[in-house]
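Peer 1: Just work.cif, nothing more (mmCIF, C-alpha atoms):
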data_query
#
loop_
_atom_site.label_atom_id
_atom_site.label_comp_id
_atom_site.auth_asym_id
_atom_site.auth_seq_id
_atom_site.Cartn_x
_atom_site.Cartn_y
_atom_site.Cartn_z
CA MET K 1 134.81 90.76 108.21
CA HIS K 2 133.44 90.08 104.76
CA HIS K 3 130.85 92.67 103.87
CA VAL K 4 127.97 91.36 101.78
CA HIS K 5 126.20 94.65 101.74
CA ASN K 6 128.18 96.14 98.92
CA ALA K 7 124.94 95.28 97.20
CA HIS K 8 124.54 98.75 95.75
CA SER K 9 124.42 96.91 92.46
CA LEU K 10 121.13 95.61 93.71
CA ASP K 11 119.46 98.91 94.31
CA TYR K 12 115.81 98.04 94.19
CA HIS K 13 113.68 101.03 94.46
CA ILE K 14 110.18 100.39 95.62
CA PRO K 15 108.27 103.25 93.99
CA GLY K 16 107.21 105.44 96.91
CA THR K 17 104.21 106.90 95.14
CA LEU K 18 102.81 103.44 94.43
CA VAL K 19 103.04 102.43 98.10
CA LEU K 20 101.42 105.67 99.21
CA VAL K 21 98.60 105.36 96.67
CA ILE K 22 97.84 101.75 97.66
CA GLY K 23 98.04 102.65 101.35
CA ALA K 24 95.70 105.61 100.95
CA ALA K 25 93.26 103.49 98.93
CA LEU K 26 93.20 100.81 101.66
CA LEU K 27 92.62 103.44 104.32
CA VAL K 28 89.77 105.07 102.41
CA ALA K 29 88.18 101.69 101.62
CA TYR K 30 88.29 100.64 105.29
CA ILE K 31 86.76 103.88 106.56
CA ALA K 32 84.10 103.84 103.82
CA ALA K 33 83.17 100.25 104.75
CA ALA K 34 83.07 101.13 108.46
CA ARG K 35 80.77 104.08 107.82
CA ALA K 36 78.53 102.32 105.32
CA THR K 37 77.94 99.23 107.47
CA GLY K 38 77.64 101.37 110.60
CA ARG K 39 74.39 102.76 109.25
CA HIS K 40 72.37 99.56 109.48
CA LEU K 41 74.56 97.43 111.79
CA LYS K 42 76.24 98.17 115.13
CA ARG K 43 78.53 101.18 114.92
CA TRP K 44 82.09 100.25 113.99
CA PRO K 45 84.41 101.55 116.75
CA VAL K 46 86.64 104.48 115.74
CA LEU K 47 89.54 102.92 117.64
CA ARG K 48 89.63 100.10 115.08
CA SER K 49 89.90 102.55 112.21
CA ILE K 50 92.79 104.24 114.04
CA CYS K 51 94.49 100.86 114.44
CA TRP K 52 94.06 100.18 110.74
CA ALA K 53 95.67 103.54 109.90
CA LEU K 54 98.57 102.88 112.30
CA GLY K 55 99.04 99.41 110.84
CA LEU K 56 99.17 100.75 107.28
CA ALA K 57 101.57 103.50 108.38
CA SER K 58 103.90 100.92 109.96
CA LEU K 59 103.93 98.87 106.77
CA ALA K 60 104.55 101.94 104.63
CA ALA K 61 107.44 103.00 106.88
CA SER K 62 108.94 99.54 106.47
CA LEU K 63 108.77 99.72 102.66
CA ILE K 64 109.70 103.28 101.78
CA GLY K 65 111.57 106.13 103.41
CA PRO K 66 114.99 106.53 105.02
CA VAL K 67 114.95 103.46 107.29
CA ALA K 68 113.79 101.16 104.51
CA LYS K 69 116.64 102.45 102.32
CA GLU K 70 119.26 101.93 105.03
CA ALA K 71 118.02 98.40 105.69
CA HIS K 72 119.92 97.01 102.71
CA HIS K 73 123.28 97.92 104.21
CA GLN K 74 122.75 98.21 107.94
CA PHE K 75 121.58 95.50 110.34
CA THR K 76 119.95 97.78 112.91
CA ALA K 77 117.90 99.43 110.15
CA HIS K 78 117.07 95.97 108.82
CA MET K 79 115.81 95.04 112.29
CA THR K 80 113.67 98.19 112.48
CA VAL K 81 112.10 97.25 109.16
CA HIS K 82 111.54 93.72 110.37
CA LEU K 83 109.88 95.00 113.55
CA LEU K 84 107.54 97.29 111.59
CA LEU K 85 106.71 94.78 108.89
CA GLY K 86 106.49 91.59 110.93
CA MET K 87 105.28 92.69 114.37
CA ILE K 88 104.01 96.27 114.83
CA GLY K 89 102.15 96.47 111.50
CA PRO K 90 100.48 93.07 111.93
CA LEU K 91 99.57 93.89 115.56
CA PHE K 92 97.68 97.05 114.63
CA ILE K 93 96.08 95.39 111.61
CA ALA K 94 94.89 92.47 113.73
CA PHE K 95 93.48 94.91 116.31
CA SER K 96 91.49 96.58 113.50
CA ARG K 97 89.69 93.29 112.61
CA PRO K 98 89.73 93.62 108.81
CA VAL K 99 88.13 90.20 108.21
CA THR K 100 85.12 91.03 110.38
CA LEU K 101 84.68 94.32 108.57
CA LEU K 102 85.02 92.63 105.18
CA LEU K 103 82.37 90.04 106.09
CA ARG K 104 80.03 92.84 107.16
CA THR K 105 80.61 94.73 103.94
CA LEU K 106 80.43 92.01 101.29
CA ARG K 107 77.21 90.86 99.70
CA THR K 108 75.95 87.61 101.21
CA SER K 109 77.14 85.46 98.31
CA SER K 110 80.66 86.91 98.41
CA ALA K 111 80.75 86.73 102.20
CA ARG K 112 79.83 83.08 101.96
CA ARG K 113 82.65 82.50 99.50
CA LEU K 114 85.09 84.18 101.91
CA THR K 115 83.84 82.04 104.79
CA ARG K 116 84.32 78.94 102.66
CA LEU K 117 87.90 80.03 101.99
CA LEU K 118 88.52 80.56 105.71
CA LYS K 119 87.12 77.10 106.37
CA SER K 120 89.39 75.47 103.79
CA ARG K 121 91.81 72.84 104.99
CA TYR K 122 94.85 74.90 104.04
CA VAL K 123 93.78 78.00 105.96
CA GLN K 124 92.80 75.88 108.94
CA ILE K 125 96.20 74.21 109.08
CA ILE K 126 98.31 77.36 108.77
CA SER K 127 96.14 79.36 111.15
CA HIS K 128 96.49 76.92 114.04
CA PRO K 129 98.41 78.88 116.72
CA VAL K 130 101.22 76.30 116.86
CA MET K 131 101.64 76.20 113.08
CA ALA K 132 101.49 79.99 112.81
CA ALA K 133 104.14 80.34 115.51
CA LEU K 134 106.41 77.83 113.73
CA LEU K 135 106.01 79.64 110.41
CA ASN K 136 106.72 82.99 112.08
CA ILE K 137 109.54 82.32 114.55
CA GLY K 138 110.88 79.26 112.72
CA GLY K 139 111.22 81.40 109.61
CA LEU K 140 113.33 83.90 111.55
CA TRP K 141 115.66 81.19 112.84
CA VAL K 142 116.17 79.94 109.30
CA LEU K 143 116.73 83.46 107.96
CA TYR K 144 119.30 84.56 110.52
CA THR K 145 121.18 81.38 111.33
CA THR K 146 121.77 80.15 107.77
CA ASP K 147 123.29 81.76 104.67
CA LEU K 148 119.83 82.89 103.67
CA TYR K 149 120.35 86.34 105.18
CA ALA K 150 123.39 86.99 102.98
CA ALA K 151 121.71 85.44 99.94
CA MET K 152 118.68 87.66 100.45
CA HIS K 153 120.77 90.75 99.80
CA GLU K 154 122.03 89.34 96.52
CA SER K 155 118.70 88.40 95.00
CA ARG K 156 115.78 90.65 94.36
CA PHE K 157 113.48 87.64 94.13
CA LEU K 158 114.54 86.26 97.53
CA TYR K 159 114.37 89.70 99.09
CA THR K 160 110.78 90.21 97.97
CA LEU K 161 109.71 86.69 98.88
CA ILE K 162 111.21 86.87 102.38
CA HIS K 163 109.66 90.23 103.12
CA ILE K 164 106.24 89.02 102.01
CA HIS K 165 106.72 85.99 104.25
CA VAL K 166 107.74 88.13 107.23
CA PHE K 167 104.55 90.16 106.97
CA LEU K 168 102.17 87.28 106.25
CA ALA K 169 103.62 85.00 108.93
CA GLY K 170 103.63 87.89 111.42
CA TYR K 171 100.00 88.68 110.70
CA LEU K 172 98.94 85.03 110.73
CA PHE K 173 100.61 84.53 114.10
CA THR K 174 99.16 87.69 115.66
CA ALA K 175 95.67 86.92 114.38
CA SER K 176 95.78 83.30 115.54
CA ILE K 177 96.89 84.31 119.05
CA LEU K 178 94.40 87.17 119.44
CA ALA K 179 91.57 85.12 117.84
CA ASN K 180 89.38 88.22 117.63
CA GLU K 181 87.84 87.48 114.24
CA PRO K 182 85.26 84.93 113.08
CA ALA K 183 86.96 81.57 112.52
CA PRO K 184 85.68 78.02 112.23
CA HIS K 185 87.88 77.10 115.19
CA ARG K 186 88.35 79.35 118.16
CA TYR K 187 91.27 77.91 120.06
CA ARG K 188 91.08 78.03 123.84
CA LEU K 189 92.79 80.81 125.74
CA PRO K 190 95.28 78.61 127.67
CA LEU K 191 96.62 77.18 124.39
CA ARG K 192 97.03 80.65 122.89
CA VAL K 193 98.75 81.92 126.05
CA ILE K 194 101.23 79.04 126.10
CA VAL K 195 102.04 79.39 122.40
CA LEU K 196 102.55 83.14 122.85
CA ILE K 197 104.94 82.66 125.78
CA LEU K 198 106.93 80.00 123.92
CA ALA K 199 107.08 82.08 120.74
CA ALA K 200 108.17 85.15 122.72
CA ALA K 201 110.86 83.05 124.40
CA ALA K 202 112.10 81.68 121.06
CA HIS K 203 112.28 85.26 119.78
CA ASN K 204 114.30 86.36 122.87
CA ILE K 205 116.65 83.42 122.57
CA LEU K 206 117.25 84.12 118.88
CA SER K 207 117.98 87.80 119.67
CA LYS K 208 120.61 86.90 122.26
CA HIS K 209 122.04 84.24 119.98
CA LEU K 210 122.48 86.85 117.22
CA TYR K 211 124.15 89.21 119.69
CA ALA K 212 127.05 86.78 119.94
CA HIS K 213 126.73 85.05 116.55
CA PRO K 214 125.89 87.67 113.91
CA PRO K 215 124.37 86.54 110.61
CA VAL K 216 126.98 86.05 107.88
CA GLY K 217 128.33 89.41 106.75
CA VAL K 218 127.02 91.53 109.63
CA PRO K 219 129.69 93.43 111.62
CA LEU K 220 129.69 92.68 115.36
CA ALA K 221 128.76 96.23 116.49
CA GLN K 222 125.69 96.27 114.25
CA ALA K 223 124.71 92.79 115.40
CA GLU K 224 124.82 93.98 119.02
CA THR K 225 122.54 97.01 118.59
CA GLY K 226 120.35 95.18 116.08
CA SER K 227 119.78 92.18 118.33
CA MET K 228 119.02 94.37 121.34
CA LEU K 229 116.46 96.24 119.27
CA MET K 230 114.98 92.87 118.28
CA TYR K 231 114.87 91.77 121.94
CA TYR K 232 113.25 94.85 123.44
CA GLY K 233 111.09 95.67 120.42
CA GLY K 234 109.79 92.10 120.46
CA ASP K 235 109.07 92.47 124.17
CA ALA K 236 106.97 95.58 123.59
CA VAL K 237 104.78 93.86 121.00
CA ASP K 238 104.49 90.65 123.05
CA ILE K 239 103.41 92.69 126.07
CA MET K 240 100.66 94.36 124.02
CA MET K 241 99.42 90.92 122.93
CA MET K 242 99.53 89.60 126.51
CA ILE K 243 97.49 92.58 127.71
CA ALA K 244 94.95 91.91 124.94
CA LEU K 245 94.66 88.25 126.05
CA GLY K 246 94.42 89.30 129.71
CA TYR K 247 91.59 91.61 128.84
CA GLN K 248 89.81 88.81 126.93
CA TRP K 249 90.02 86.68 130.08
CA PHE K 250 88.91 89.57 132.32
CA ARG K 251 85.81 90.10 130.19
CA SER K 252 85.01 86.41 129.87
CA VAL K 253 85.02 85.81 133.65
CA SER K 254 82.66 88.72 134.24
CA ARG K 255 80.12 87.01 132.01
CA GLU K 256 80.26 83.92 134.19
CA SER K 257 78.58 83.42 137.52
CA PRO K 258 79.56 86.18 139.95
CA GLY K 259 80.91 83.48 142.26
CA GLY K 260 83.81 83.30 139.89
CA ASN K 261 85.03 80.30 138.03
CA LEU K 262 88.72 79.53 138.32
CA LYS K 263 89.00 78.17 134.83
CA PRO K 264 89.74 80.89 132.30
CA ALA K 265 86.98 80.53 129.77
CA ALA K 266 87.99 79.52 126.27
CA MET I 1 85.74 81.02 149.74
CA GLN I 2 88.53 78.56 149.12
CA LYS I 3 88.74 79.48 145.44
CA ASN I 4 89.21 83.17 146.07
CA ALA I 5 91.90 82.55 148.67
CA LYS I 6 93.71 80.34 146.19
CA ARG I 7 93.39 82.83 143.40
CA SER I 8 94.59 85.64 145.69
CA LEU I 9 97.66 83.57 146.52
CA TRP I 10 98.44 82.83 142.87
CA SER I 11 97.89 86.40 141.79
CA GLY I 12 100.37 87.44 144.49
CA ILE I 13 102.98 84.84 143.53
CA LEU I 14 102.82 85.78 139.84
CA PHE I 15 103.00 89.46 140.71
CA GLY I 16 106.04 88.97 142.95
CA LEU I 17 107.84 86.98 140.28
CA GLY I 18 107.04 89.49 137.57
CA PHE I 19 107.94 92.44 139.77
CA VAL I 20 111.40 91.10 140.58
CA ALA I 21 112.06 90.38 136.91
CA PHE I 22 110.94 93.92 136.11
CA ILE I 23 113.22 95.49 138.76
CA ASP I 24 116.07 93.30 137.55
CA GLU I 25 115.59 94.52 134.00
CA PHE I 26 115.09 98.21 134.74
CA VAL I 27 117.39 98.82 137.69
CA PHE I 28 120.26 96.42 137.08
CA HIS I 29 120.28 96.25 133.27
CA GLN I 30 119.04 99.68 132.20
CA LEU I 31 119.79 102.16 135.03
CA LEU I 32 122.94 100.85 136.71
CA HIS I 33 124.27 98.89 133.72
CA TRP I 34 125.67 96.36 136.20
CA HIS I 35 124.14 93.35 134.48
CA HIS I 36 125.16 92.60 130.92
CA PHE I 37 122.78 91.76 128.10
CA TYR I 38 124.88 88.70 127.33
CA ASP I 39 128.34 88.06 128.69
CA ARG I 40 129.46 85.26 126.36
CA SER I 41 130.20 82.81 129.17
CA THR I 42 126.55 81.78 129.25
CA THR I 43 125.72 78.11 128.80
CA SER I 44 123.18 77.34 126.08
CA VAL I 45 120.80 75.86 128.65
CA GLY I 46 121.11 79.20 130.43
CA LEU I 47 120.24 81.09 127.28
CA VAL I 48 117.13 78.97 126.72
CA THR I 49 115.83 79.12 130.30
CA ASP I 50 116.54 82.85 130.44
CA GLY I 51 114.45 83.35 127.30
CA LEU I 52 111.61 81.30 128.78
CA PHE I 53 111.75 83.07 132.14
CA HIS I 54 111.91 86.49 130.54
CA ALA I 55 108.81 85.82 128.44
CA PHE I 56 107.01 84.15 131.33
CA SER I 57 107.76 86.99 133.74
CA TRP I 58 106.01 89.53 131.50
CA PHE I 59 103.05 87.21 131.27
CA ALA I 60 103.09 86.72 135.06
CA THR I 61 102.98 90.45 135.73
CA ILE I 62 100.12 91.05 133.32
CA ALA I 63 98.11 87.98 134.33
CA SER I 64 98.52 88.75 138.05
CA LEU I 65 97.18 92.28 137.59
CA PHE I 66 94.11 91.08 135.66
CA MET I 67 93.50 88.46 138.38
CA TYR I 68 93.87 91.19 141.01
CA ALA I 69 91.41 93.42 139.17
CA ASP I 70 88.94 90.53 138.92
CA LEU I 71 89.23 89.77 142.67
CA ARG I 72 88.74 93.43 143.55
CA ARG I 73 85.76 93.66 141.19
CA ARG I 74 84.09 90.81 143.05
CA GLN I 75 85.34 92.08 146.43
CA ALA I 76 86.93 88.70 146.95
CA LEU I 77 90.57 89.64 147.49
CA HIS I 78 92.37 88.08 150.46
CA SER I 79 94.89 90.91 150.92
CA MET I 80 97.27 89.27 153.39
CA ARG I 81 97.38 86.07 151.40
CA TRP I 82 98.07 88.11 148.26
CA ILE I 83 100.96 89.91 150.00
CA GLY I 84 102.32 86.59 151.28
CA GLY I 85 102.19 85.23 147.75
CA ALA I 86 103.89 88.33 146.36
CA LEU I 87 106.76 88.11 148.89
CA ALA I 88 107.20 84.39 148.29
CA GLY I 89 107.14 84.85 144.52
CA ALA I 90 109.60 87.74 144.69
CA GLY I 91 112.01 86.05 147.09
CA GLY I 92 111.77 82.71 145.35
CA PHE I 93 112.48 84.14 141.94
CA GLN I 94 115.33 86.32 143.17
CA LEU I 95 116.92 83.31 144.85
CA TYR I 96 116.54 81.31 141.63
CA ASP I 97 118.07 84.20 139.67
CA GLY I 98 120.92 84.65 142.14
CA ILE I 99 121.90 81.00 142.45
CA ILE I 100 120.79 79.14 139.32
CA GLN I 101 120.94 81.86 136.65
CA HIS I 102 123.93 83.87 137.85
CA LYS I 103 126.07 81.09 139.32
CA LEU I 104 125.17 77.79 137.67
CA MET I 105 124.21 79.00 134.20
CA ARG I 106 126.51 82.01 134.27
CA LEU I 107 123.99 84.16 132.42
CA HIS I 108 125.74 87.24 133.71
CA GLN I 109 127.10 88.36 137.08
CA ILE I 110 125.55 90.98 139.36
CA ARG I 111 128.43 93.35 138.74
CA TYR I 112 131.71 93.28 136.84
CA GLU I 113 135.24 94.42 137.63
CA VAL I 114 134.67 94.21 141.39
CA ASP I 115 134.76 91.40 143.92
CA VAL I 116 131.34 89.88 143.30
CA LEU I 117 131.10 87.88 146.56
CA PRO I 118 129.55 90.63 148.78
CA TYR I 119 127.04 91.34 146.02
CA ASP I 120 126.12 87.68 145.71
CA LEU I 121 125.72 87.34 149.49
CA THR I 122 123.55 90.47 149.81
CA TRP I 123 121.44 89.42 146.82
CA ASN I 124 120.77 85.87 148.00
CA ILE I 125 120.39 86.55 151.74
CA LEU I 126 117.89 89.31 150.99
CA ALA I 127 116.04 86.91 148.70
CA ALA I 128 115.93 84.24 151.40
CA ILE I 129 114.54 86.70 153.97
CA VAL I 130 111.80 87.89 151.61
CA LEU I 131 110.93 84.30 150.69
CA THR I 132 110.74 83.26 154.35
CA ALA I 133 108.53 86.23 155.23
CA GLY I 134 106.24 85.31 152.35
CA LEU I 135 105.99 81.65 153.36
CA PHE I 136 105.28 82.71 156.94
CA LEU I 137 102.41 84.95 155.84
CA ILE I 138 101.00 82.23 153.57
CA ARG I 139 101.03 79.77 156.49
CA ARG I 140 99.34 82.22 158.80
CA THR I 141 96.55 83.04 156.36
CA ARG I 142 95.78 79.43 155.54
CA THR I 143 92.02 78.92 155.50
#
Just give me the structure of the file as structure tokens.

Peer 2:
Amino acid sequence: MHHVHNAHSLDYHIPGTLVLVIGAALLVAYIAAARATGRHLKRWPVLRSICWALGLASLAASLIGPVAKEAHHQFTAHMTVHLLLGMIGPLFIAFSRPVTLLLRTLRTSSARRLTRLLKSRYVQIISHPVMAALLNIGGLWVLYTTDLYAAMHESRFLYTLIHIHVFLAGYLFTASILANEPAPHRYRLPLRVIVLILAAAAHNILSKHLYAHPPVGVPLAQAETGSMLMYYGGDAVDIMMMIALGYQWFRSVSRESPGGNLKPAA
Amino acid sequence: MQKNAKRSLWSGILFGLGFVAFIDEFVFHQLLHWHHFYDRSTTSVGLVTDGLFHAFSWFATIASLFMYADLRRRQALHSMRWIGGALAGAGGFQLYDGIIQHKLMRLHQIRYEVDVLPYDLTWNILAAIVLTAGLFLIRRTRT
């Protein structure tokens, strides 16, 4: 089989120190904001800071280090990077509620500007659960079932662009399903549940499709382990999101009349 | 309360469905390695419905447990109706898996390199018995 990954010519080194410095700065900024606002507002839960740290660590592991290096030549490593960058990292970051913290921290005028941005038409359109799911899972279908995957390894520009997309779309999707931050529209739980199940299914189907039909240039053995990692890794993250939604429902029904309302509250 | 009886039933059905899918995945795919991840004779409709069922079964397990916890919290659980639902959900899903997914959509077989007929019969007859027991319990606990 033709091997596209003789792309040693394209040896892009992401400077490790730069990633670590940015990561450390983001971690310090988050904790400083949590502590500062915790003095006059409600205490910011420690668990959220831990999630933020885990999220940053996942992203760092996807950008630098041994797995990230292997990902240019090896499909299973590529899939590990994808899982860290597009699912696990975004999950922990969404759990840490960075937008809420930012709104608490900013001066009123800046906070208002941020709210205006969140209310903008563009943000509203892309953050609808259905649109976010299409951008996220649809993007994966395009990447792995067309020549884009092979082309990505030949172009530094495409490589960077696609990886930024994987993270942003992953975060957008996770945030729109969890809906745990202030937003002009809070979509109802049943809609978010259905979109999550359909997106998880589309992810499963794509994994099994890749098992039998590897992306151009990927040897069959690597496609098999890589797609199984995609399948079960995706499951693990989807399960965490389903538990989060279940807990939202569990808390919302306790606030209702003790007689119990069958309709899961939005 | 009609509502609590109904919710107990649905919590049971979802739990049964999710539990069978879970056993299928862990025992037959992971421990015994009888089932294959993908055996290349699968129809594309089979691939799509399998993806949907797999995702839905995780949701069913999780949702059923939160519903159960909510019923217990309000001391409103109808235990027998829940068990009836669980048996019906488990048997029903196993029967669907055994006949539609294995045979019609050829997702994968129960086991390979052996005569599969005794396995198919055991699988589906067991499913039918569990389903019948569940339906019987649901009938008996009707309010």

Peer 1: By how many Å are atom CA of K:Leu103 and atom CA of K:Pro190 apart?

Peer 2: 27.6 Å

Peer 1: Skipping near chain neighbours, those fewer than 4 positions away, what residues fall within 8 Å of K:Tyr247 using only C-alpha atoms, listed as a CSV table (one decimal) with C-alpha atoms, in the coordinates of the input?

Peer 2:
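The resulting out-v5.csv:
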chain,number,residue,atom,x,y,z
K,243,ILE,CA,97.5,92.6,127.7
K,251,ARG,CA,85.8,90.1,130.2
I,66,PHE,CA,94.1,91.1,135.7

Peer 1: On this structure, the PyMOL selection byres ((chain I and resi 24-38) around 12) would catch which residues? List them as a ChimeraX atom specification, sorted by chain and number.

Peer 2: /K:204-205,207-213,224-225,227-229,231-232,235 /I:17-23,39-44,46-47,50-51,54,57-58,90,93-94,97-98,102,105-114,116,119,123

Peer 1: Could you tell me which residues the PyMOL selection byres ((chain K and resi 67) around 12) grabs in this file, written as a PyMOL selection string?

Peer 2: chain K and resi 58-66+68-84

Peer 1: Write a file of the just-selected residues containing C-alpha atoms, as an mmCIF file, in the frame of the given file.

Peer 2:
data_model
loop_
_atom_site.group_PDB
_atom_site.id
_atom_site.type_symbol
_atom_site.label_atom_id
_atom_site.label_comp_id
_atom_site.auth_asym_id
_atom_site.auth_seq_id
_atom_site.Cartn_x
_atom_site.Cartn_y
_atom_site.Cartn_z
ATOM 1 C CA SER K 58 103.900 100.920 109.960
ATOM 2 C CA LEU K 59 103.930 98.870 106.770
ATOM 3 C CA ALA K 60 104.550 101.940 104.630
ATOM 4 C CA ALA K 61 107.440 103.000 106.880
ATOM 5 C CA SER K 62 108.940 99.540 106.470
ATOM 6 C CA LEU K 63 108.770 99.720 102.660
ATOM 7 C CA ILE K 64 109.700 103.280 101.780
ATOM 8 C CA GLY K 65 111.570 106.130 103.410
ATOM 9 C CA PRO K 66 114.990 106.530 105.020
ATOM 10 C CA ALA K 68 113.790 101.160 104.510
ATOM 11 C CA LYS K 69 116.640 102.450 102.320
ATOM 12 C CA GLU K 70 119.260 101.930 105.030
ATOM 13 C CA ALA K 71 118.020 98.400 105.690
ATOM 14 C CA HIS K 72 119.920 97.010 102.710
ATOM 15 C CA HIS K 73 123.280 97.920 104.210
ATOM 16 C CA GLN K 74 122.750 98.210 107.940
ATOM 17 C CA PHE K 75 121.580 95.500 110.340
ATOM 18 C CA THR K 76 119.950 97.780 112.910
ATOM 19 C CA ALA K 77 117.900 99.430 110.150
ATOM 20 C CA HIS K 78 117.070 95.970 108.820
ATOM 21 C CA MET K 79 115.810 95.040 112.290
ATOM 22 C CA THR K 80 113.670 98.190 112.480
ATOM 23 C CA VAL K 81 112.100 97.250 109.160
ATOM 24 C CA HIS K 82 111.540 93.720 110.370
ATOM 25 C CA LEU K 83 109.880 95.000 113.550
ATOM 26 C CA LEU K 84 107.540 97.290 111.590
#

Peer 1: Residues within 12 Å of K:Ala33, please, as a list in words. Count all atoms listed in the file; anything in the same chain fewer than 3 positions from it doesn't count.

Peer 2: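 Once the nearby chain positions are removed, what remains is Leu26, Leu27, Val28, Ala29, Tyr30, Ala36, Thr37, Gly38, Arg39, His40, Leu41, Arg43, Trp44, Ser49, Pro98, Val99, Thr100, Leu101, Leu102, Leu103, Arg104, Thr105 and Leu106 of chain K.
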
Peer 1: Give as a PyMOL selection string every residue of chain K that touches chain I within 9 Å, counting all atoms listed in the file.

Peer 2: chain K and resi 193+196-206+208-209+211-212+228+235+238-239+242-243+245-247+249-250+253-254+258-262

Peer 1: How many Å lie between atom CA of K:Val216 and atom CA of K:Ala150, rounded to one decimal?

Peer 2: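 Here the two named atoms are 6.1 Å from each other.
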
Peer 1: By how many Å are atom CA of K:Phe95 and atom CA of K:Pro15 apart?

Peer 2: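 Taking atom CA of K:Phe95 as the start and atom CA of K:Pro15 as the end point, the length is 28.0 Å.
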
Peer 1: Given all atoms listed in the file as the basis, pick out the residue of K:Ser127, K:Ser110, K:Glu154, K:Ile31 nearest to K:Pro45.

Peer 2: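 Closest candidate: K:Ile31.
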
Peer 1: Could you list, as a list in words, every residue within 9 Å of stretch 141-143 of chain K, counting only C-alpha atoms and ignoring same-chain residues fewer than 4 positions away?

Peer 2: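 Returned residues: Ile137, Asp147, Leu148, Tyr149, Met152, Ile162, Ala202, His203, Leu206 and Pro215 of chain K.
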